[in-house]
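Asks: Structure: upload.cif, mmCIF, C-alpha atoms and all ligand atoms.
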```
data_input
#
loop_
_atom_site.label_atom_id
_atom_site.label_comp_id
_atom_site.auth_asym_id
_atom_site.auth_seq_id
_atom_site.Cartn_x
_atom_site.Cartn_y
_atom_site.Cartn_z
CA MET A 1 82.13 26.18 8.42
CA PHE A 2 80.90 22.84 9.74
CA LYS A 3 82.23 22.33 13.22
CA GLU A 4 80.23 19.28 14.26
CA SER A 5 81.74 15.86 13.68
CA LEU A 6 80.65 14.08 10.53
CA ALA A 7 81.38 10.72 12.14
CA TYR A 8 79.31 9.08 14.88
CA GLY A 9 79.40 5.97 17.01
CA PRO A 10 80.52 3.24 16.91
CA VAL A 11 76.94 2.01 17.13
CA PRO A 12 75.71 -1.59 17.23
CA SER A 13 74.17 -2.67 13.94
CA ARG A 14 72.60 -6.04 13.23
CA ARG A 15 73.99 -6.09 9.72
CA LEU A 16 77.37 -4.52 10.35
CA GLY A 17 78.32 -5.42 13.92
CA GLN A 18 79.93 -2.37 15.54
CA SER A 19 79.90 0.36 12.93
CA LEU A 20 81.23 3.88 12.90
CA GLY A 21 78.74 6.02 11.01
CA ILE A 22 79.73 8.65 8.45
CA ASN A 23 77.27 11.45 7.82
CA ASN A 24 78.52 12.77 4.46
CA ILE A 25 75.17 14.38 3.48
CA PRO A 26 73.46 17.29 5.26
CA PRO A 27 69.92 16.64 6.48
CA LYS A 28 68.01 15.97 4.39
CA VAL A 29 69.25 15.89 0.83
CA CYS A 30 67.99 12.93 -1.14
CA THR A 31 66.83 11.76 -4.56
CA TYR A 32 63.78 10.13 -2.94
CA SER A 33 61.17 11.15 -0.41
CA CYS A 34 60.09 7.73 0.85
CA VAL A 35 56.76 7.54 2.65
CA TYR A 36 58.43 5.61 5.47
CA CYS A 37 61.56 7.78 5.84
CA GLN A 38 62.44 8.33 9.50
CA ILE A 39 63.97 11.74 8.82
CA GLY A 40 60.81 13.29 7.37
CA LYS A 41 59.91 14.63 3.91
CA THR A 42 62.75 15.59 1.60
CA PRO A 43 62.78 19.37 1.33
CA ASN A 44 65.93 19.33 -0.80
CA MET A 45 65.34 16.80 -3.53
CA GLN A 46 68.22 16.77 -5.96
CA THR A 47 69.84 14.51 -8.51
CA ASN A 48 73.11 16.35 -9.07
CA ARG A 49 76.07 15.19 -7.12
CA GLU A 50 77.78 17.82 -5.05
CA ALA A 51 80.71 18.36 -2.65
CA PHE A 52 78.77 19.00 0.55
CA TYR A 53 81.84 18.84 2.77
CA LYS A 54 85.56 18.79 2.17
CA PRO A 55 86.74 15.17 1.92
CA GLU A 56 89.58 15.98 4.38
CA LYS A 57 87.01 17.06 6.98
CA ILE A 58 85.20 13.73 6.64
CA VAL A 59 88.40 11.67 6.71
CA ASN A 60 89.79 13.62 9.71
CA ASP A 61 86.55 13.29 11.67
CA VAL A 62 86.45 9.55 11.04
CA GLN A 63 90.11 9.10 11.96
CA ARG A 64 89.56 11.03 15.19
CA LYS A 65 86.62 8.79 16.11
CA ILE A 66 88.66 5.69 15.35
CA ARG A 67 91.43 6.91 17.67
CA GLU A 68 88.93 7.68 20.43
CA ALA A 69 87.23 4.30 20.08
CA LYS A 70 90.59 2.52 20.18
CA LYS A 71 91.53 4.38 23.35
CA ARG A 72 88.34 3.12 24.97
CA GLY A 73 89.07 -0.38 23.71
CA GLU A 74 85.96 -0.40 21.48
CA ARG A 75 85.82 -2.58 18.40
CA ILE A 76 84.91 -1.16 14.96
CA ASP A 77 83.85 -3.68 12.31
CA TYR A 78 82.82 -1.21 9.60
CA LEU A 79 83.08 2.43 8.65
CA ALA A 80 79.57 2.96 7.31
CA PHE A 81 78.23 5.73 5.10
CA VAL A 82 74.72 6.04 6.55
CA PRO A 83 73.91 9.75 6.34
CA ASP A 84 70.75 11.87 6.63
CA GLY A 85 70.12 11.52 2.90
CA GLU A 86 71.47 9.65 -0.12
CA PRO A 87 75.23 9.06 0.34
CA THR A 88 76.08 8.81 -3.36
CA LEU A 89 74.97 12.43 -3.90
CA ASP A 90 78.36 13.24 -2.36
CA VAL A 91 80.57 13.65 -5.42
CA ASN A 92 83.65 12.86 -3.31
CA ILE A 93 82.47 9.59 -1.81
CA GLY A 94 84.90 7.55 -3.95
CA GLU A 95 87.85 9.63 -2.81
CA GLU A 96 86.70 9.41 0.81
CA ILE A 97 86.37 5.62 0.63
CA GLN A 98 89.84 5.41 -0.90
CA HIS A 99 91.41 7.42 1.94
CA LEU A 100 89.49 5.62 4.67
CA LYS A 101 90.66 2.25 3.40
CA ASP A 102 94.08 3.10 4.86
CA SER A 103 92.56 2.53 8.29
CA GLY A 104 92.35 -1.17 7.50
CA ILE A 105 88.67 -1.19 8.53
CA LYS A 106 86.04 -2.37 6.02
CA ILE A 107 83.86 0.27 4.35
CA ALA A 108 80.07 -0.05 4.00
CA VAL A 109 77.60 2.11 2.06
CA ILE A 110 73.81 1.96 2.39
CA THR A 111 72.33 3.53 -0.75
CA ASN A 112 68.89 3.89 -2.29
CA ALA A 113 70.57 2.85 -5.59
CA SER A 114 68.89 5.63 -7.57
CA LEU A 115 72.18 6.91 -9.02
CA LEU A 116 73.69 3.52 -9.83
CA ASN A 117 72.87 3.91 -13.52
CA ARG A 118 75.72 6.45 -13.64
CA ARG A 119 79.10 4.91 -14.33
CA GLU A 120 80.98 7.28 -12.00
CA VAL A 121 78.73 6.32 -9.08
CA ARG A 122 79.26 2.61 -9.76
CA ASP A 123 83.01 3.21 -9.94
CA ASP A 124 82.94 5.01 -6.60
CA LEU A 125 80.93 2.31 -4.84
CA LYS A 126 83.08 -0.48 -6.25
CA LYS A 127 85.77 0.69 -3.85
CA ALA A 128 83.61 -0.22 -0.84
CA ASP A 129 83.66 -3.65 0.82
CA TRP A 130 79.93 -3.90 1.60
CA VAL A 131 77.08 -2.19 -0.23
CA SER A 132 73.34 -2.38 0.43
CA VAL A 133 70.91 -1.31 -2.30
CA LYS A 134 67.25 -0.46 -1.79
CA ILE A 135 64.74 -2.45 -3.86
CA ASP A 136 61.24 -1.65 -2.60
CA ALA A 137 59.32 -2.16 -5.84
CA ILE A 138 59.64 -3.35 -9.42
CA SER A 139 56.38 -1.91 -10.71
CA HIS A 140 56.85 1.71 -11.75
CA GLU A 141 53.63 2.92 -10.13
CA ILE A 142 54.30 1.23 -6.80
CA TRP A 143 57.86 2.56 -6.77
CA LYS A 144 56.54 6.08 -7.33
CA ARG A 145 54.09 5.74 -4.46
CA ILE A 146 56.58 4.35 -1.96
CA ASN A 147 59.84 6.07 -2.81
CA ARG A 148 58.39 9.26 -4.34
CA PRO A 149 61.45 9.72 -6.55
CA HIS A 150 62.69 12.83 -8.30
CA LYS A 151 60.40 13.39 -11.28
CA THR A 152 63.15 12.83 -13.84
CA PHE A 153 63.93 9.28 -12.62
CA LYS A 154 62.90 6.08 -14.37
CA LEU A 155 62.82 2.83 -12.40
CA TYR A 156 63.97 0.62 -15.26
CA LYS A 157 67.13 2.72 -15.58
CA ILE A 158 67.85 2.36 -11.88
CA LEU A 159 67.36 -1.41 -12.02
CA GLU A 160 69.69 -1.56 -15.03
CA GLY A 161 72.26 0.30 -12.95
CA VAL A 162 71.88 -2.12 -10.03
CA LEU A 163 72.26 -5.09 -12.36
CA GLU A 164 75.35 -3.59 -13.96
CA PHE A 165 76.85 -2.84 -10.55
CA SER A 166 76.19 -6.39 -9.37
CA LYS A 167 78.19 -7.80 -12.28
CA ASN A 168 81.39 -6.00 -11.40
CA PHE A 169 81.26 -5.45 -7.67
CA THR A 170 83.61 -7.80 -5.87
CA GLY A 171 82.58 -6.91 -2.32
CA GLU A 172 79.45 -8.01 -0.42
CA LEU A 173 76.29 -6.90 -2.18
CA ASN A 174 73.12 -6.80 -0.08
CA THR A 175 69.60 -5.67 -0.76
CA GLU A 176 67.00 -4.13 1.49
CA SER A 177 63.29 -4.03 0.77
CA MET A 178 60.87 -2.19 3.01
CA LEU A 179 57.46 -3.84 3.02
CA ILE A 180 54.47 -1.53 3.43
CA HIS A 181 50.89 -2.64 3.93
CA ASN A 182 48.77 -2.12 0.81
CA LEU A 183 51.66 -0.73 -1.21
CA ASN A 184 54.21 -3.40 -2.08
CA ASP A 185 53.07 -6.36 0.03
CA SER A 186 51.01 -8.16 -2.60
CA GLU A 187 52.21 -11.62 -3.57
CA GLU A 188 52.58 -10.44 -7.15
CA GLU A 189 54.89 -7.52 -6.30
CA ILE A 190 56.93 -9.57 -3.85
CA GLU A 191 57.44 -12.19 -6.55
CA LYS A 192 58.65 -9.50 -8.94
CA ILE A 193 60.98 -8.05 -6.33
CA SER A 194 62.40 -11.46 -5.48
CA ASP A 195 62.87 -12.37 -9.16
CA PHE A 196 64.89 -9.22 -9.69
CA ILE A 197 66.90 -9.73 -6.51
CA LYS A 198 67.64 -13.31 -7.54
CA SER A 199 69.11 -11.97 -10.78
CA ILE A 200 71.70 -9.88 -8.92
CA ASP A 201 72.70 -12.76 -6.63
CA PRO A 202 73.12 -10.82 -3.37
CA ASN A 203 75.10 -11.94 -0.40
CA LYS A 204 72.09 -11.18 1.83
CA SER A 205 68.64 -9.83 1.15
CA TYR A 206 66.94 -8.02 4.00
CA LEU A 207 63.19 -7.60 4.33
CA SER A 208 62.29 -4.79 6.66
CA ILE A 209 59.12 -3.19 7.96
CA PRO A 210 58.53 0.29 9.36
CA THR A 211 59.31 0.04 13.06
CA ARG A 212 60.14 3.69 13.65
CA PRO A 213 57.82 6.66 13.16
CA PRO A 214 57.45 7.09 9.39
CA THR A 215 57.08 10.39 7.51
CA GLU A 216 53.49 9.55 6.58
CA THR A 217 51.33 8.49 9.51
CA TRP A 218 49.21 6.22 7.30
CA VAL A 219 52.20 3.95 6.63
CA LYS A 220 51.56 0.55 8.20
CA SER A 221 53.41 -2.74 8.47
CA PRO A 222 52.11 -5.71 6.50
CA SER A 223 50.43 -8.47 8.48
CA GLU A 224 52.58 -11.21 9.99
CA GLU A 225 51.11 -13.55 7.37
CA MET A 226 52.42 -11.35 4.56
CA ILE A 227 55.78 -10.86 6.22
CA ASN A 228 56.14 -14.61 6.47
CA LYS A 229 54.85 -15.11 2.93
CA ALA A 230 57.42 -12.65 1.58
CA TYR A 231 60.16 -14.55 3.40
CA GLN A 232 58.97 -17.86 1.95
CA ILE A 233 58.76 -16.43 -1.58
CA PHE A 234 62.39 -15.31 -1.31
CA LYS A 235 63.39 -18.68 0.17
CA GLU A 236 61.71 -20.54 -2.68
CA ARG A 237 64.14 -18.74 -5.00
CA ASN A 238 67.10 -19.68 -2.79
CA ILE A 239 67.76 -16.07 -1.91
CA PRO A 240 69.66 -15.70 1.39
CA VAL A 241 66.90 -13.70 3.04
CA GLU A 242 66.67 -12.25 6.53
CA HIS A 243 64.09 -10.18 8.31
CA LEU A 244 65.03 -6.83 9.77
CA ILE A 245 62.07 -6.14 11.95
CA GLY A 246 63.55 -3.84 14.48
CA TYR A 247 64.47 -6.32 17.18
CA GLU A 248 68.00 -5.53 18.18
CA GLY A 249 68.49 -8.39 20.60
CA ASN A 250 71.29 -10.87 20.65
CA ALA A 251 70.54 -12.40 17.26
CA PHE A 252 71.88 -15.93 17.05
CA ALA A 253 74.12 -15.55 20.04
CA PHE A 254 73.84 -18.40 22.51
CA THR A 255 72.52 -16.75 25.62
CA GLY A 256 71.61 -19.86 27.50
CA ASP A 257 68.14 -18.34 27.67
CA VAL A 258 65.67 -20.26 25.51
CA GLU A 259 63.08 -17.44 25.33
CA GLU A 260 65.72 -14.92 24.35
CA ASP A 261 67.15 -17.26 21.72
CA LEU A 262 63.75 -18.02 20.19
CA LEU A 263 62.85 -14.35 20.02
CA SER A 264 66.15 -13.33 18.47
CA ILE A 265 66.10 -16.12 15.89
CA THR A 266 62.47 -15.58 14.87
CA ALA A 267 63.08 -11.85 14.52
CA VAL A 268 65.34 -12.74 11.61
CA HIS A 269 64.07 -16.10 10.35
CA PRO A 270 60.53 -17.37 10.76
CA MET A 271 61.01 -20.84 12.27
CA ARG A 272 58.95 -23.79 11.12
CA SER A 273 57.33 -25.74 13.95
CA ASP A 274 59.63 -28.73 13.37
CA GLY A 275 62.64 -26.39 13.54
CA VAL A 276 61.37 -25.03 16.84
CA GLU A 277 60.92 -28.56 18.16
CA GLU A 278 64.44 -29.47 17.18
CA TYR A 279 65.82 -26.34 18.81
CA LEU A 280 63.89 -27.07 22.02
CA ARG A 281 65.21 -30.59 22.08
CA LYS A 282 68.79 -29.34 21.81
CA ALA A 283 68.16 -26.78 24.51
CA ALA A 284 66.61 -29.49 26.72
CA SER A 285 63.45 -27.40 26.88
CA ASN A 286 59.84 -27.96 25.87
CA TRP A 287 56.89 -26.52 23.95
CA LYS A 288 55.60 -24.66 27.02
CA VAL A 289 58.12 -21.89 26.31
CA VAL A 290 56.55 -21.33 22.89
CA GLU A 291 53.04 -21.32 24.34
CA LYS A 292 54.11 -18.77 26.90
CA LEU A 293 55.65 -16.50 24.26
CA VAL A 294 52.53 -16.73 22.09
CA GLU A 295 50.37 -15.98 25.13
CA LYS A 296 52.50 -12.97 26.02
CA ASN A 297 52.05 -11.76 22.46
CA LYS A 298 55.78 -11.91 21.83
CA LEU A 299 55.63 -14.70 19.26
CA LYS A 300 53.12 -15.04 16.45
CA GLU A 301 51.96 -18.28 14.88
CA VAL A 302 51.22 -18.11 11.14
CA LYS A 303 50.35 -20.67 8.46
CA TYR A 304 51.96 -20.90 5.06
CA LYS A 305 51.38 -23.75 2.59
CA ASP A 306 50.09 -26.14 5.29
CA LYS A 307 53.01 -25.48 7.57
CA THR A 308 53.10 -23.51 10.80
CA PHE A 309 55.73 -20.86 11.29
CA TYR A 310 56.69 -18.78 14.29
CA LEU A 311 57.71 -15.15 13.95
CA ARG A 312 58.64 -12.58 16.49
CA LYS A 313 55.66 -10.31 16.97
CA ILE A 314 56.10 -7.03 15.14
CA GLN A 315 57.10 -4.11 17.28
CA THR A 316 55.31 -0.89 16.59
CA ALA A 317 56.83 2.58 16.50
CA SER A 318 59.86 3.09 18.68
CA PRO A 319 61.79 6.32 19.10
CA SER A 320 63.91 7.52 16.17
CA PRO A 321 67.63 6.83 16.52
S1 LIG A 401 66.14 7.03 0.34
FE1 LIG A 401 66.53 6.90 2.52
S2 LIG A 401 66.99 9.02 3.16
FE2 LIG A 401 66.05 9.12 1.13
S3 LIG A 401 63.89 9.44 1.54
FE3 LIG A 401 64.17 7.23 1.31
S4 LIG A 401 64.51 6.45 3.39
FE4 LIG A 401 64.79 8.70 3.46
#
```
The structure in this file should be written as structure tokens.

Replies:
Amino acid sequence: MFKESLAYGPVPSRRLGQSLGINNIPPKVCTYSCVYCQIGKTPNMQTNREAFYKPEKIVNDVQRKIREAKKRGERIDYLAFVPDGEPTLDVNIGEEIQHLKDSGIKIAVITNASLLNRREVRDDLKKADWVSVKIDAISHEIWKRINRPHKTFKLYKILEGVLEFSKNFTGELNTESMLIHNLNDSEEEIEKISDFIKSIDPNKSYLSIPTRPPTETWVKSPSEEMINKAYQIFKERNIPVEHLIGYEGNAFAFTGDVEEDLLSITAVHPMRSDGVEEYLRKAASNWKVVEKLVEKNKLKEVKYKDKTFYLRKIQTASPSP
């Protein structure tokens, strides 16, 4: 019997606002064993879907958390399936989404997309309001090195599944790509990734870097130049791209604090120097703030195609959530 709650939070999430997490997979059951996974190697790699918990247990735990949060006056923007493994391995996820919709709160699922070539998985996820799919590589060899998939998987089949899902999903489709130094951060691979992502027309495309201790200690973030380059390559294709580089500040909120605003904006969008100037003008501030942030090693100046961009300096490993 599982006595612990399968719901947690609500927790603040940059992508989802205040989200109540649903842990519908025991640690750690997954179809992948990504080199950057924060939960460690996958001891239980499987491709068959299974009923890990009774759907009623999940629904009851979530409803209880919603009641508790309401009592405390806390807001919940999303009920989010973000478990310690791959959420679509739960054969009942469709039924659970269906029941949880009665709460009137939007449902989000963050998936590695590896099972999306199966019709029943696509049908289940179609019921959600917000889905994020992982696209770390388009080249088979690179995908194998980063995601270390189950040996029976083929990348082209997974990508076909993602494409198919994107055609019929009416909710918000997002993508997430983790950039790893010397694995998928070449211009060539990023171009391939962005071409594919363009073809599925996502609502948002997130580029992330490992900011928490990864499974493999040799995993490193790309350089700021490459992180910026990746962003520009996505932008050139008109993909609504954002960085997820681990800064959980007040993104885009007006704080009245110029330093804070610059750091939160550049954590998501590298700002071109003319954009920074314009912002400073509006904030009745001046370039000294930027110089100070660069000096303090909080902001990084990088060049791309004769232009200067400012990015928030990458944060290194922080404690696991
Ligand atoms: S897909 Fe997610 S849970 Fe599975 S190994 Fe990769 S990062 Fe970890």

Asks: Neighbours of ligand LIG 401 (chain A) within 6 Å, counting all atoms listed in the file, as a short mmCIF file (atom, residue, chain, number, x, y, z; two decimals) with C-alpha atoms, keeping the file's coordinate frame?

Replies:
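Listed below is the output, pocket20.cif:
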```cif
data_model
loop_
_atom_site.label_atom_id
_atom_site.label_comp_id
_atom_site.auth_asym_id
_atom_site.auth_seq_id
_atom_site.Cartn_x
_atom_site.Cartn_y
_atom_site.Cartn_z
CA CYS A 30 67.99 12.93 -1.14
CA TYR A 32 63.78 10.13 -2.94
CA SER A 33 61.17 11.15 -0.41
CA CYS A 34 60.09 7.73 0.85
CA CYS A 37 61.56 7.78 5.84
CA ASP A 84 70.75 11.87 6.63
CA GLY A 85 70.12 11.52 2.90
CA GLU A 86 71.47 9.65 -0.12
CA ASN A 112 68.89 3.89 -2.29
#
```

Asks: Between CA of Ala51 (chain A) and CA of Ile66 (chain A), what is the distance, to one decimal in Å?

Replies: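 About the pair CA of Ala51 (chain A) and CA of Ile66 (chain A): they are 23.4 Å apart.
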
Asks: Please list as number ranges by chain every residue within 7 Å of Asp129 (chain A), counting all atoms listed in the file and excluding residues in the same chain fewer than 3 positions away.

Replies: A: 106-108, 171-172

Asks: So which one's closest to Ala113 (chain A), A:Ile58, A:Ile135, A:Met45, A:Ile93? Using only C-alpha atoms, please.

Replies: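 Nearest candidate to Ala113 (chain A) out of A:Ile58, A:Ile135, A:Met45, A:Ile93: A:Ile135.
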
Asks: Write out as a list of chain:residue names which residues come within 9 Å of region 18-20 of chain A when counting all atoms listed in the file, dropping same-chain ones fewer than 5 positions away.

Replies: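 So the residues in contact are A:Ala7, A:Tyr8, A:Gly9, A:Pro10, A:Val11, A:Pro12, A:Ser13, A:Val62, A:Lys65, A:Ile66, A:Glu74, A:Arg75, A:Ile76, A:Asp77, A:Tyr78, A:Leu79, A:Ala80, A:Phe81, A:Ala108.
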
Asks: Please indicate the distance in Å from CA of Gly104 (chain A) to CA of Gln63 (chain A), rounded to one decimal place.

Replies: 11.4 Å

Asks: Taking the point (54.8, -4.6, 7.7) as given in the file, collect each protein or nucleic acid residue that comes within 8 Å of it, counting only C-alpha atoms, and present the set as a PyMOL selection string.

Replies: chain A and resi 179-181+208-210+220-224+226-227+314

Asks: Taking all atoms listed in the file into account, which of A:Leu293, A:Thr47, A:Trp287, A:Leu311 comes nearest Lys151 (chain A)?

Replies: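 Using all atoms listed in the file, the shortest distance to Lys151 (chain A) belongs to A:Thr47.
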
Asks: What does the distance from CA of Lys288 (chain A) to CA of Lys303 (chain A) come to in Å, to one decimal?

Replies: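 CA of Lys303 (chain A) lies at a distance of 19.7 Å from CA of Lys288 (chain A).
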
Asks: Would you list the contacts of Met271 (chain A) as a list in words, taking every protein, DNA or RNA residue within 9 Å and counting only C-alpha atoms, but skipping same-chain residues closer than 2 positions in sequence?

Replies: Leu262, Ile265, Thr266, His269, Ser273, Asp274, Gly275, Val276, Thr308, Phe309, Tyr310 and Leu311 of chain A

Asks: Do a neighbour search on Ile193 (chain A) at 12 Å with all atoms listed in the file, toss out local chain neighbours closer than 3 positions, and write the hits as a PDB file with C-alpha atoms, in the frame of the given file.

Replies:
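Result written to around.pdb:
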```
ATOM      1  CA  LYS A 134      67.250  -0.460  -1.790  1.00  0.00           C
ATOM      2  CA  ILE A 135      64.740  -2.450  -3.860  1.00  0.00           C
ATOM      3  CA  ASP A 136      61.240  -1.650  -2.600  1.00  0.00           C
ATOM      4  CA  ALA A 137      59.320  -2.160  -5.840  1.00  0.00           C
ATOM      5  CA  ILE A 138      59.640  -3.350  -9.420  1.00  0.00           C
ATOM      6  CA  SER A 139      56.380  -1.910 -10.710  1.00  0.00           C
ATOM      7  CA  HIS A 140      56.850   1.710 -11.750  1.00  0.00           C
ATOM      8  CA  ILE A 142      54.300   1.230  -6.800  1.00  0.00           C
ATOM      9  CA  TRP A 143      57.860   2.560  -6.770  1.00  0.00           C
ATOM     10  CA  LEU A 159      67.360  -1.410 -12.020  1.00  0.00           C
ATOM     11  CA  THR A 175      69.600  -5.670  -0.760  1.00  0.00           C
ATOM     12  CA  GLU A 176      67.000  -4.130   1.490  1.00  0.00           C
ATOM     13  CA  SER A 177      63.290  -4.030   0.770  1.00  0.00           C
ATOM     14  CA  MET A 178      60.870  -2.190   3.010  1.00  0.00           C
ATOM     15  CA  LEU A 179      57.460  -3.840   3.020  1.00  0.00           C
ATOM     16  CA  ASN A 184      54.210  -3.400  -2.080  1.00  0.00           C
ATOM     17  CA  ASP A 185      53.070  -6.360   0.030  1.00  0.00           C
ATOM     18  CA  SER A 186      51.010  -8.160  -2.600  1.00  0.00           C
ATOM     19  CA  GLU A 187      52.210 -11.620  -3.570  1.00  0.00           C
ATOM     20  CA  GLU A 188      52.580 -10.440  -7.150  1.00  0.00           C
ATOM     21  CA  GLU A 189      54.890  -7.520  -6.300  1.00  0.00           C
ATOM     22  CA  ILE A 190      56.930  -9.570  -3.850  1.00  0.00           C
ATOM     23  CA  PHE A 196      64.890  -9.220  -9.690  1.00  0.00           C
ATOM     24  CA  ILE A 197      66.900  -9.730  -6.510  1.00  0.00           C
ATOM     25  CA  LYS A 198      67.640 -13.310  -7.540  1.00  0.00           C
ATOM     26  CA  SER A 199      69.110 -11.970 -10.780  1.00  0.00           C
ATOM     27  CA  ILE A 200      71.700  -9.880  -8.920  1.00  0.00           C
ATOM     28  CA  SER A 205      68.640  -9.830   1.150  1.00  0.00           C
ATOM     29  CA  TYR A 206      66.940  -8.020   4.000  1.00  0.00           C
ATOM     30  CA  LEU A 207      63.190  -7.600   4.330  1.00  0.00           C
ATOM     31  CA  ALA A 230      57.420 -12.650   1.580  1.00  0.00           C
ATOM     32  CA  TYR A 231      60.160 -14.550   3.400  1.00  0.00           C
ATOM     33  CA  ILE A 233      58.760 -16.430  -1.580  1.00  0.00           C
ATOM     34  CA  PHE A 234      62.390 -15.310  -1.310  1.00  0.00           C
ATOM     35  CA  ARG A 237      64.140 -18.740  -5.000  1.00  0.00           C
ATOM     36  CA  ILE A 239      67.760 -16.070  -1.910  1.00  0.00           C
TER      37      ILE A 239
END
```
